[in-house]
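Asks: This one is final34.csv, CSV, C-alpha atoms.
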```csv
chain,number,residue,atom,x,y,z
Q,1,TYR,CA,43.7,16.3,175.8
Q,2,GLN,CA,43.0,17.2,172.2
Q,3,ARG,CA,40.4,19.1,170.3
Q,4,ARG,CA,39.3,18.8,166.7
Q,5,VAL,CA,39.4,22.0,164.8
Q,6,HIS,CA,38.0,21.9,161.2
Q,7,GLY,CA,38.6,18.1,161.2
Q,8,GLU,CA,42.2,18.3,162.4
Q,9,LYS,CA,43.4,17.3,165.8
Q,10,ARG,CA,45.0,20.1,167.8
Q,11,LYS,CA,46.3,20.0,171.3
Q,12,PHE,CA,44.3,21.8,173.9
Q,13,LYS,CA,45.9,22.6,177.2
Q,14,GLY,CA,44.0,21.1,180.1
Q,15,THR,CA,44.8,20.3,183.7
Q,16,MET,CA,42.8,17.2,184.2
Q,17,LYS,CA,44.4,15.1,186.8
Q,18,PRO,CA,42.8,11.6,186.6
Q,19,ILE,CA,43.2,9.0,189.3
Q,20,LYS,CA,44.5,5.8,187.7
Q,21,LEU,CA,43.9,2.5,189.6
Q,22,HIS,CA,45.3,-0.9,188.7
Q,23,ILE,CA,43.1,-2.9,191.0
Q,24,HIS,CA,42.1,-5.7,188.7
Q,25,GLU,CA,44.3,-8.5,187.3
Q,26,LYS,CA,42.0,-9.0,184.2
Q,27,PRO,CA,39.8,-6.9,182.0
Q,28,VAL,CA,37.2,-4.6,183.6
Q,29,ASN,CA,33.8,-5.4,182.3
Q,30,VAL,CA,31.5,-3.1,184.2
Q,31,VAL,CA,31.7,0.1,186.3
Q,32,LYS,CA,28.6,1.3,188.2
Q,33,LEU,CA,27.9,4.2,190.6
Q,34,ASN,CA,25.3,4.0,193.3
Q,35,PHE,CA,22.2,6.2,193.3
Q,36,ASP,CA,23.9,8.9,195.4
Q,37,GLY,CA,27.0,8.8,193.3
Q,38,ASP,CA,29.5,8.5,196.2
Q,39,LEU,CA,30.2,4.8,195.8
Q,40,LEU,CA,31.8,3.1,192.7
Q,41,PHE,CA,31.6,-0.6,192.0
Q,42,THR,CA,33.9,-2.2,189.4
Q,43,GLY,CA,33.5,-5.8,188.1
Q,44,SER,CA,36.2,-7.8,186.3
Q,45,SER,CA,37.0,-11.1,184.7
Q,46,ASP,CA,39.3,-11.8,187.7
Q,47,LYS,CA,36.1,-12.8,189.6
Q,48,LYS,CA,36.2,-9.7,191.8
Q,49,VAL,CA,34.1,-6.6,192.4
Q,50,ASN,CA,35.9,-3.7,194.1
Q,51,LEU,CA,34.0,-1.1,196.1
Q,52,LEU,CA,35.6,2.4,196.0
Q,53,TYR,CA,34.9,6.0,197.0
Q,54,ALA,CA,33.8,7.5,193.7
Q,55,LEU,CA,35.8,10.8,194.0
Q,56,THR,CA,39.0,9.7,195.7
Q,57,GLY,CA,39.3,6.1,194.4
Q,58,GLU,CA,40.0,4.8,197.9
Q,59,ARG,CA,39.1,1.1,198.1
Q,60,ILE,CA,36.6,0.2,200.8
Q,61,GLY,CA,36.4,-3.5,200.1
Q,62,THR,CA,36.3,-6.4,197.6
Q,63,PHE,CA,33.6,-9.0,196.8
Q,64,THR,CA,35.0,-12.3,195.5
Q,65,CYS,CA,32.5,-13.9,193.2
Q,66,LYS,CA,32.2,-17.4,191.7
Q,67,GLY,CA,33.0,-16.5,188.2
Q,68,SER,CA,34.0,-13.7,185.7
Q,69,VAL,CA,31.8,-10.7,186.6
Q,70,LYS,CA,29.9,-9.5,183.5
Q,71,THR,CA,27.2,-7.4,185.1
Q,72,LEU,CA,26.2,-5.9,188.4
Q,73,ASP,CA,23.7,-3.5,190.0
Q,74,VAL,CA,23.1,-1.9,193.4
Q,75,THR,CA,19.9,-1.0,195.2
Q,76,ASP,CA,18.9,2.7,195.5
Q,77,ASP,CA,19.6,2.6,199.2
Q,78,SER,CA,23.0,1.0,198.6
Q,79,ARG,CA,22.1,-1.8,200.9
Q,80,TYR,CA,22.4,-4.7,198.4
Q,81,LEU,CA,24.7,-5.5,195.5
Q,82,ILE,CA,23.7,-8.1,192.9
Q,83,THR,CA,26.2,-9.6,190.5
Q,84,GLY,CA,26.0,-11.9,187.5
Q,85,SER,CA,28.8,-14.0,186.1
Q,86,LEU,CA,29.7,-15.8,182.9
Q,87,GLN,CA,29.8,-19.1,184.9
Q,88,GLY,CA,26.1,-18.8,185.6
Q,89,SER,CA,26.1,-17.5,189.2
Q,90,ILE,CA,23.8,-14.8,190.6
Q,91,GLU,CA,25.0,-13.5,193.9
Q,92,VAL,CA,23.4,-10.9,196.3
Q,93,TRP,CA,25.7,-9.2,198.8
Q,94,GLU,CA,25.3,-6.8,201.7
Q,95,VAL,CA,27.3,-3.7,200.7
Q,96,ASP,CA,28.0,-2.8,204.3
Q,97,GLY,CA,30.1,-5.7,205.6
Q,98,GLY,CA,30.4,-7.6,202.3
Q,99,LYS,CA,28.4,-10.6,203.5
Q,100,GLU,CA,26.9,-12.9,200.7
Q,101,VAL,CA,23.2,-13.0,201.3
Q,102,ARG,CA,22.2,-15.3,198.5
Q,103,GLN,CA,23.6,-17.3,195.6
Q,104,LEU,CA,21.9,-19.0,192.7
Q,105,GLN,CA,23.9,-21.3,190.4
Q,106,THR,CA,22.4,-21.7,186.9
Q,107,ASN,CA,23.4,-23.8,183.9
Q,108,GLY,CA,24.5,-20.9,181.7
Q,109,LYS,CA,25.8,-17.4,181.4
Q,110,ILE,CA,24.4,-14.3,183.1
Q,111,LYS,CA,24.9,-11.4,180.7
Q,112,THR,CA,22.7,-8.8,182.4
Q,113,VAL,CA,21.3,-8.2,185.9
Q,114,GLU,CA,19.5,-4.9,186.4
Q,115,LEU,CA,17.2,-3.8,189.2
Q,116,SER,CA,14.0,-2.1,188.3
Q,117,LEU,CA,13.1,1.4,189.4
Q,118,GLY,CA,12.0,0.9,193.0
Q,119,ASP,CA,14.1,-2.3,193.4
Q,120,LYS,CA,11.1,-4.6,193.2
Q,121,GLU,CA,12.2,-6.7,190.3
Q,122,VAL,CA,15.4,-8.0,188.7
Q,123,LEU,CA,15.8,-8.1,184.9
Q,124,ILE,CA,18.1,-10.9,183.7
Q,125,LEU,CA,19.5,-11.9,180.3
Q,126,TYR,CA,20.4,-15.6,180.6
Q,127,GLU,CA,22.2,-17.7,178.0
Q,128,SER,CA,22.5,-21.5,178.3
Q,129,PHE,CA,25.8,-23.1,177.5
Q,130,LYS,CA,24.0,-24.5,174.4
Q,131,GLY,CA,23.3,-20.9,173.2
Q,132,GLN,CA,19.6,-20.6,174.0
Q,133,GLN,CA,18.8,-17.2,175.5
Q,134,LYS,CA,16.0,-16.1,177.8
Q,135,ILE,CA,14.9,-12.7,179.3
Q,136,LEU,CA,13.7,-13.2,182.8
Q,137,VAL,CA,12.1,-10.9,185.4
Q,138,LEU,CA,12.4,-12.1,189.0
Q,139,PRO,CA,10.9,-10.6,192.2
Q,140,PHE,CA,13.9,-9.2,194.1
Q,141,GLU,CA,12.3,-10.1,197.5
Q,142,ASP,CA,11.9,-13.7,196.5
Q,143,LEU,CA,15.5,-13.7,195.2
Q,144,LEU,CA,16.8,-12.6,198.6
Q,145,ASN,CA,14.9,-15.5,200.2
Q,146,ALA,CA,15.6,-18.0,197.5
Q,147,GLU,CA,16.8,-21.6,198.0
Q,148,ASN,CA,18.7,-23.7,195.4
Q,149,ARG,CA,16.5,-26.7,194.4
Q,150,ALA,CA,17.3,-29.4,191.9
Q,151,GLU,CA,13.9,-29.3,190.2
Q,152,SER,CA,14.3,-25.6,189.2
Q,153,GLU,CA,17.2,-23.7,187.8
Q,154,TRP,CA,16.0,-20.6,189.6
Q,155,GLY,CA,15.6,-22.4,192.9
Q,156,SER,CA,12.5,-21.4,194.8
Q,157,VAL,CA,12.0,-18.2,192.8
Q,158,LYS,CA,9.1,-18.1,190.4
Q,159,PRO,CA,9.8,-15.8,187.4
Q,160,ILE,CA,7.3,-13.0,186.7
Q,161,LEU,CA,8.5,-13.2,183.0
Q,162,GLU,CA,10.3,-15.9,181.3
Q,163,LYS,CA,10.7,-15.2,177.5
Q,164,PRO,CA,12.8,-17.5,175.3
Q,165,ILE,CA,14.5,-15.5,172.6
Q,166,ASP,CA,13.6,-16.5,169.0
Q,167,LYS,CA,16.6,-17.4,166.9
Q,168,THR,CA,15.6,-15.0,164.2
Q,169,PHE,CA,16.6,-12.2,166.6
Q,170,GLY,CA,20.2,-13.6,166.8
Q,171,THR,CA,22.1,-13.3,170.0
Q,172,LEU,CA,21.2,-10.5,172.4
Q,173,THR,CA,24.1,-8.5,173.9
Q,174,GLN,CA,22.2,-6.5,176.6
Q,175,VAL,CA,18.8,-5.8,178.0
Q,176,THR,CA,17.7,-2.8,180.1
Q,177,TRP,CA,14.6,-1.4,181.8
Q,178,GLY,CA,13.0,1.5,180.0
Q,179,PHE,CA,11.4,4.6,181.4
Q,180,MET,CA,9.5,3.9,184.6
Q,181,ASN,CA,9.8,0.1,184.0
Q,182,ARG,CA,7.2,0.5,181.2
Q,183,TYR,CA,9.2,-1.4,178.6
Q,184,ILE,CA,12.5,-3.3,178.0
Q,185,ILE,CA,15.1,-2.4,175.4
Q,186,ALA,CA,17.4,-5.2,174.0
Q,187,SER,CA,20.3,-5.1,171.6
Q,188,THR,CA,21.6,-7.8,169.3
Q,189,GLU,CA,24.8,-9.0,167.6
Q,190,LYS,CA,23.0,-8.3,164.3
Q,191,GLY,CA,23.0,-4.6,165.1
Q,192,GLU,CA,19.3,-4.3,166.0
Q,193,LEU,CA,17.5,-2.6,168.8
Q,194,ILE,CA,14.3,-4.3,170.1
Q,195,LYS,CA,11.6,-2.7,172.3
Q,196,LEU,CA,9.7,-5.2,174.3
Q,197,SER,CA,6.6,-4.8,176.5
Q,198,VAL,CA,6.8,-5.9,180.1
Q,199,THR,CA,5.0,-9.1,179.0
Q,200,GLY,CA,7.7,-9.9,176.5
Q,201,ASP,CA,5.8,-8.8,173.3
Q,202,VAL,CA,7.9,-7.1,170.6
Q,203,GLU,CA,6.7,-3.5,170.1
Q,204,LYS,CA,9.5,-2.1,167.9
Q,205,ARG,CA,12.4,-3.6,166.1
Q,206,VAL,CA,14.9,-1.5,164.1
Q,207,SER,CA,18.3,-2.0,162.5
Q,208,ALA,CA,20.6,0.4,164.4
Q,209,HIS,CA,24.0,-0.6,163.1
Q,210,ASN,CA,25.5,-2.8,160.5
Q,211,GLU,CA,27.3,-4.9,163.1
Q,212,GLN,CA,26.9,-5.8,166.7
Q,213,VAL,CA,25.6,-3.3,169.2
Q,214,THR,CA,28.3,-3.6,171.8
Q,215,SER,CA,26.4,-1.7,174.5
Q,216,PHE,CA,23.9,1.1,175.0
Q,217,SER,CA,22.8,3.4,177.8
Q,218,PHE,CA,20.0,5.9,178.6
Q,219,SER,CA,20.3,9.6,179.3
Q,220,LYS,CA,19.5,10.7,182.9
Q,221,ASP,CA,15.8,11.5,182.1
Q,222,TYR,CA,15.4,8.5,179.7
Q,223,SER,CA,14.7,10.9,176.8
Q,224,MET,CA,17.7,9.6,174.7
Q,225,LEU,CA,19.4,6.3,174.2
Q,226,ILE,CA,23.0,6.1,173.0
Q,227,THR,CA,24.5,3.0,171.3
Q,228,ALA,CA,28.1,1.9,170.7
Q,229,SER,CA,29.2,-0.3,167.8
Q,230,ARG,CA,32.0,-1.0,165.4
Q,231,ASP,CA,31.1,1.9,163.2
Q,232,GLY,CA,30.8,4.5,166.0
Q,233,GLY,CA,27.8,5.6,168.1
Q,234,LYS,CA,24.2,6.7,167.5
Q,235,ILE,CA,21.5,8.4,169.6
Q,236,PHE,CA,17.9,7.2,169.4
Q,237,ASP,CA,14.5,8.2,170.7
Q,238,PRO,CA,13.7,5.3,173.2
Q,239,GLU,CA,10.0,5.5,172.5
Q,240,THR,CA,10.1,5.2,168.8
Q,241,LEU,CA,13.6,3.9,168.3
Q,242,THR,CA,14.1,6.7,165.7
Q,243,CYS,CA,17.8,7.5,165.0
Q,244,LEU,CA,18.4,11.1,166.0
Q,245,LYS,CA,22.2,11.6,165.8
Q,246,THR,CA,25.1,9.6,164.3
Q,247,PHE,CA,28.8,9.8,165.4
Q,248,ARG,CA,31.2,8.1,163.0
Q,249,GLN,CA,34.5,6.7,164.4
Q,250,ASP,CA,37.5,5.1,162.8
Q,251,PHE,CA,37.8,2.4,165.5
Q,252,PRO,CA,35.3,0.1,167.1
Q,253,MET,CA,33.4,1.6,170.0
Q,254,ASN,CA,32.6,-0.6,173.1
Q,255,THR,CA,30.8,1.9,175.4
Q,256,ALA,CA,29.1,5.3,175.3
Q,257,ALA,CA,27.3,7.6,177.8
Q,258,ILE,CA,25.4,10.9,177.7
Q,259,SER,CA,26.4,13.7,180.1
Q,260,PRO,CA,23.7,14.5,182.7
Q,261,LEU,CA,24.8,18.2,182.4
Q,262,TYR,CA,22.5,18.7,179.4
Q,263,LEU,CA,19.8,19.2,182.0
Q,264,SER,CA,21.7,21.8,183.9
Q,265,LYS,CA,21.3,25.7,183.9
Q,266,LYS,CA,24.5,25.9,181.9
Q,267,PRO,CA,24.1,22.8,179.7
Q,268,ARG,CA,26.8,20.7,178.2
Q,269,PHE,CA,25.2,18.8,175.3
Q,270,HIS,CA,28.0,16.2,175.4
Q,271,ALA,CA,28.4,12.4,175.1
Q,272,ILE,CA,31.5,10.3,175.5
Q,273,MET,CA,32.4,7.1,173.7
Q,274,ALA,CA,35.4,4.8,173.6
Q,275,GLY,CA,36.6,1.4,172.6
Q,276,GLY,CA,39.6,0.4,170.4
Q,277,VAL,CA,40.8,-2.5,168.4
Q,278,SER,CA,41.1,-5.9,170.1
Q,279,ALA,CA,44.5,-7.3,171.1
Q,280,ARG,CA,44.3,-9.7,168.2
Q,281,GLU,CA,44.0,-6.9,165.7
Q,282,ALA,CA,46.4,-4.4,167.4
Q,283,ALA,CA,49.4,-5.9,165.7
Q,284,LEU,CA,48.0,-5.1,162.3
Q,285,VAL,CA,47.4,-1.3,162.8
Q,286,LYS,CA,49.6,1.6,163.8
Q,287,GLN,CA,47.1,3.0,166.3
Q,288,GLY,CA,44.8,1.2,168.7
Q,289,GLY,CA,42.1,3.8,169.0
Q,290,PHE,CA,42.1,3.7,172.8
Q,291,GLU,CA,41.2,7.4,173.2
Q,292,ILE,CA,38.0,8.5,174.8
Q,293,HIS,CA,36.0,10.7,172.4
Q,294,LEU,CA,34.0,13.8,173.7
Q,295,CYS,CA,31.2,14.6,171.2
Q,296,HIS,CA,28.6,17.3,170.8
Q,297,ILE,CA,25.1,15.8,170.8
Q,298,ILE,CA,23.5,18.6,168.8
Q,299,TYR,CA,26.2,19.2,166.1
Q,300,GLU,CA,27.3,15.6,165.8
Q,301,GLU,CA,30.9,16.8,166.1
Q,302,GLU,CA,33.9,15.4,168.0
Q,303,LEU,CA,35.0,18.1,170.4
Q,304,GLY,CA,38.2,16.4,171.6
Q,305,SER,CA,39.8,13.1,172.7
Q,306,ILE,CA,41.2,12.1,176.0
Q,307,THR,CA,44.1,9.6,176.3
Q,308,GLY,CA,44.9,7.5,179.4
Q,309,HIS,CA,44.2,3.8,178.6
Q,310,PHE,CA,46.7,1.6,176.7
Q,311,GLY,CA,44.1,-1.0,175.8
Q,312,PRO,CA,40.5,-1.1,174.6
Q,313,VAL,CA,38.1,0.8,176.9
Q,314,ASN,CA,35.2,-1.6,177.9
Q,315,THR,CA,32.9,0.5,180.1
Q,316,MET,CA,32.3,4.1,181.2
Q,317,VAL,CA,29.8,5.9,183.4
Q,318,PHE,CA,29.3,9.6,184.2
Q,319,HIS,CA,29.5,10.9,187.7
Q,320,THR,CA,26.0,11.9,188.9
Q,321,ASP,CA,27.0,15.6,189.0
Q,322,GLY,CA,28.3,15.4,185.4
Q,323,ARG,CA,31.7,16.9,186.4
Q,324,GLY,CA,33.6,13.8,185.4
Q,325,PHE,CA,33.3,10.1,184.5
Q,326,VAL,CA,34.9,6.7,185.2
Q,327,SER,CA,36.3,4.4,182.6
Q,328,GLY,CA,37.4,0.7,182.8
Q,329,GLY,CA,39.7,-1.0,180.3
Q,330,GLU,CA,40.9,-4.3,179.0
Q,331,GLU,CA,44.2,-3.9,180.8
Q,332,GLY,CA,42.5,-4.0,184.2
Q,333,ILE,CA,42.8,-0.3,184.9
Q,334,ILE,CA,40.1,2.0,186.3
Q,335,ILE,CA,40.5,5.7,185.7
Q,336,ILE,CA,38.5,8.3,187.6
Q,337,TRP,CA,38.3,11.5,185.5
Q,338,ARG,CA,37.3,15.0,186.7
Q,339,PHE,CA,36.9,17.8,184.2
Q,340,ASP,CA,39.1,20.9,184.9
Q,341,GLN,CA,37.6,24.4,185.1
Q,342,SER,CA,38.4,25.2,181.5
Q,343,TYR,CA,35.7,22.6,180.5
Q,344,PHE,CA,33.0,24.8,182.1
Q,345,GLU,CA,34.5,28.2,181.1
Q,346,ASN,CA,35.8,27.7,177.6
Q,347,LYS,CA,33.2,28.5,174.9
Q,348,ALA,CA,34.6,25.9,172.7
Q,349,PHE,CA,32.9,23.3,174.8
Q,350,GLU,CA,29.4,24.9,174.8
```
Is it possible to give me this structure as structure tokens?
Replies:
Amino acid sequence: YQRRVHGEKRKFKGTMKPIKLHIHEKPVNVVKLNFDGDLLFTGSSDKKVNLLYALTGERIGTFTCKGSVKTLDVTDDSRYLITGSLQGSIEVWEVDGGKEVRQLQTNGKIKTVELSLGDKEVLILYESFKGQQKILVLPFEDLLNAENRAESEWGSVKPILEKPIDKTFGTLTQVTWGFMNRYIIASTEKGELIKLSVTGDVEKRVSAHNEQVTSFSFSKDYSMLITASRDGGKIFDPETLTCLKTFRQDFPMNTAAISPLYLSKKPRFHAIMAGGVSAREAALVKQGGFEIHLCHIIYEEELGSITGHFGPVNTMVFHTDGRGFVSGGEEGIIIIWRFDQSYFENKAFE
């Protein structure tokens, strides 16, 4: 990989040996690790979710869904997998055996499904085919026992929260539970971050980027929130939505994550972000910007870049031990990365 020294890229000898897997036929939209960090779930537009061993990349099984998989989550005990598709289906699966436990078919797109801390509730970002969005919170136990009924789009499940999104917010791109399920964070195509109470009331609303917030994620202890957008990435305080750090990039960023090692005895205050120009724009530029950027959180500097994808990177997640990460790209490729020993010994990465 490469490091930046005084603004110039210089090659840095490393011995990273990533595991590259071409296990999807269409773009990878989401990668997710279970609570223990030993299982990896990958969701794609080819309507499939692959289950792998996180360290070796060995495939355990495949879940075939009803539509293009945009979002997924797994319970803390790794018993159930829940998926949401752009064709409006919400499906619950048994991880061990791959049996489909429940399916709800809605009249719109499911852009987010996320289990709360404790797996009691499911947070959903729903968008009708006419463009009207809602944030919903459903009891997970009721969802497991749900029945499809004609009189209700959510079958026999009664939502705890059903908040239609005001058009002044624009289109939401993602919603996520905050610390201890105390609040909800949402991002918009207008570049805003919105903090909502669990009852759906707006508590904070700030302009984070000039263009769409493509995605965002929390640090391990929920003390920081990192966003990705066309102009790069930023780190915010989740409580106040105050911008703390800014990382400028030359290419659009689709995904970003904060290393859990900033909490370790020998901390690495690092974040990764990646993206790249779309296929439509690639013919107009010499470079696609498909590198993964390793940045220092405190100094707001890029420490280096890692190459491996030949298309835009759509999603990334750190391993729970912080010693590597997983990336998924537009070309349908999953790469499992493990940092070499020089990452932990070289003072240039401190």
Asks: Please list as a ChimeraX atom specification every residue within 8 Å of range 209-221 of chain Q, counting all atoms listed in the file and excluding residues in the same chain fewer than 6 positions away.
Replies: /Q:173-174,187-192,227-231,253-260
Asks: Would you work out the distance separating CA of Leu39 in chain Q from CA of Met180 in chain Q, expressed in Å to one decimal?
Replies: 23.6 Å
Asks: Tell me which protein, DNA and RNA residues are within 7 Å of range 47-57 of chain Q, counting all atoms listed in the file, leaving out same-chain ones fewer than 4 positions away, and put them as a PyMOL selection string.
Replies: chain Q and resi 37-43+61-69
Asks: What does the file look like for those residues with C-alpha atoms, as a tab-separated table (two decimals), in the coordinates of the input?
Replies:
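Saved the output as out_32.tsv:
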```tsv
chain	number	residue	atom	x	y	z
Q	37	GLY	CA	27.00	8.80	193.30
Q	38	ASP	CA	29.50	8.50	196.20
Q	39	LEU	CA	30.20	4.80	195.80
Q	40	LEU	CA	31.80	3.10	192.70
Q	41	PHE	CA	31.60	-0.60	192.00
Q	42	THR	CA	33.90	-2.20	189.40
Q	43	GLY	CA	33.50	-5.80	188.10
Q	61	GLY	CA	36.40	-3.50	200.10
Q	62	THR	CA	36.30	-6.40	197.60
Q	63	PHE	CA	33.60	-9.00	196.80
Q	64	THR	CA	35.00	-12.30	195.50
Q	65	CYS	CA	32.50	-13.90	193.20
Q	66	LYS	CA	32.20	-17.40	191.70
Q	67	GLY	CA	33.00	-16.50	188.20
Q	68	SER	CA	34.00	-13.70	185.70
Q	69	VAL	CA	31.80	-10.70	186.60
```
Asks: Check the smallest atom-to-atom distance from each of Q:Phe290, Q:Tyr126, Q:Trp93, Q:Trp177 to Gly329 in chain Q using all atoms listed in the file, then report the winner.
Replies: Q:Phe290
Asks: Using all atoms listed in the file, pick whichever of Q:Gly131, Q:Gly200, Q:Gly324, Q:Pro252 has the shortest atom-to-atom distance to Asn107 in chain Q.
Replies: Q:Gly131
Asks: Nearest residue to Gly328 in chain Q out of Q:Ile297, Q:Gly304, Q:Ala274, Q:Leu161, using only C-alpha atoms?
Replies: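 Among Q:Ile297, Q:Gly304, Q:Ala274, Q:Leu161, it is Q:Ala274 that comes nearest to Gly328 in chain Q.
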Asks: In Å, rounded to a single decimal, give me how far CA of Glu162 in chain Q is from CA of Lys134 in chain Q.
Replies: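 That distance, rounded to one decimal, is 6.7 Å.
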Asks: Give me the residues within 10 Å of Phe236 in chain Q as a PyMOL selection string, counting all atoms listed in the file and dropping any in the same chain fewer than 5 places off.
Replies: chain Q and resi 193+208+218+223-227+241-246
Asks: Do you know which residues are at most 8 Å from Val74 in chain Q counting only C-alpha atoms, after dropping those on the same chain fewer than 5 positions away, and could you put them as JSON, numbers by chain?
Replies: {"Q": [34, 79, 80, 81, 82, 115]}
Asks: So which one's closest to Leu117 in chain Q, Q:Asp77, Q:Glu147, Q:Asp96, Q:Glu350? Using all atoms listed in the file, please.
Replies: Q:Asp77
Asks: Residues at most 10 Å from Val137 in chain Q, counting only C-alpha atoms, excluding those fewer than 6 positions away in the same chain, as a list in words?
Replies: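 Surrounding residues, per the criterion: Val113, Glu114, Leu115, Ser116, Glu121, Val122, Leu123, Ile124, Leu125, Lys158, Pro159, Ile160, Leu161, Glu162, Lys163, Val198, Thr199 and Gly200 of chain Q.
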Asks: Scan for residues within 10 Å of the point (31.9, 18.0, 182.0) in the coordinates of the file, using all atoms listed in the file, and reply as a PDB file with C-alpha atoms, keeping the file's coordinate frame.
Replies:
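This is the output file result.pdb:
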```
ATOM      1  CA  SER Q 259      26.400  13.700 180.100  1.00  0.00           C
ATOM      2  CA  PRO Q 260      23.700  14.500 182.700  1.00  0.00           C
ATOM      3  CA  LEU Q 261      24.800  18.200 182.400  1.00  0.00           C
ATOM      4  CA  TYR Q 262      22.500  18.700 179.400  1.00  0.00           C
ATOM      5  CA  PRO Q 267      24.100  22.800 179.700  1.00  0.00           C
ATOM      6  CA  ARG Q 268      26.800  20.700 178.200  1.00  0.00           C
ATOM      7  CA  PHE Q 269      25.200  18.800 175.300  1.00  0.00           C
ATOM      8  CA  HIS Q 270      28.000  16.200 175.400  1.00  0.00           C
ATOM      9  CA  ALA Q 271      28.400  12.400 175.100  1.00  0.00           C
ATOM     10  CA  LEU Q 294      34.000  13.800 173.700  1.00  0.00           C
ATOM     11  CA  PHE Q 318      29.300   9.600 184.200  1.00  0.00           C
ATOM     12  CA  HIS Q 319      29.500  10.900 187.700  1.00  0.00           C
ATOM     13  CA  ASP Q 321      27.000  15.600 189.000  1.00  0.00           C
ATOM     14  CA  GLY Q 322      28.300  15.400 185.400  1.00  0.00           C
ATOM     15  CA  ARG Q 323      31.700  16.900 186.400  1.00  0.00           C
ATOM     16  CA  GLY Q 324      33.600  13.800 185.400  1.00  0.00           C
ATOM     17  CA  PHE Q 325      33.300  10.100 184.500  1.00  0.00           C
ATOM     18  CA  TRP Q 337      38.300  11.500 185.500  1.00  0.00           C
ATOM     19  CA  ARG Q 338      37.300  15.000 186.700  1.00  0.00           C
ATOM     20  CA  PHE Q 339      36.900  17.800 184.200  1.00  0.00           C
ATOM     21  CA  ASP Q 340      39.100  20.900 184.900  1.00  0.00           C
ATOM     22  CA  GLN Q 341      37.600  24.400 185.100  1.00  0.00           C
ATOM     23  CA  SER Q 342      38.400  25.200 181.500  1.00  0.00           C
ATOM     24  CA  TYR Q 343      35.700  22.600 180.500  1.00  0.00           C
ATOM     25  CA  PHE Q 344      33.000  24.800 182.100  1.00  0.00           C
ATOM     26  CA  PHE Q 349      32.900  23.300 174.800  1.00  0.00           C
TER      27      PHE Q 349
END
```
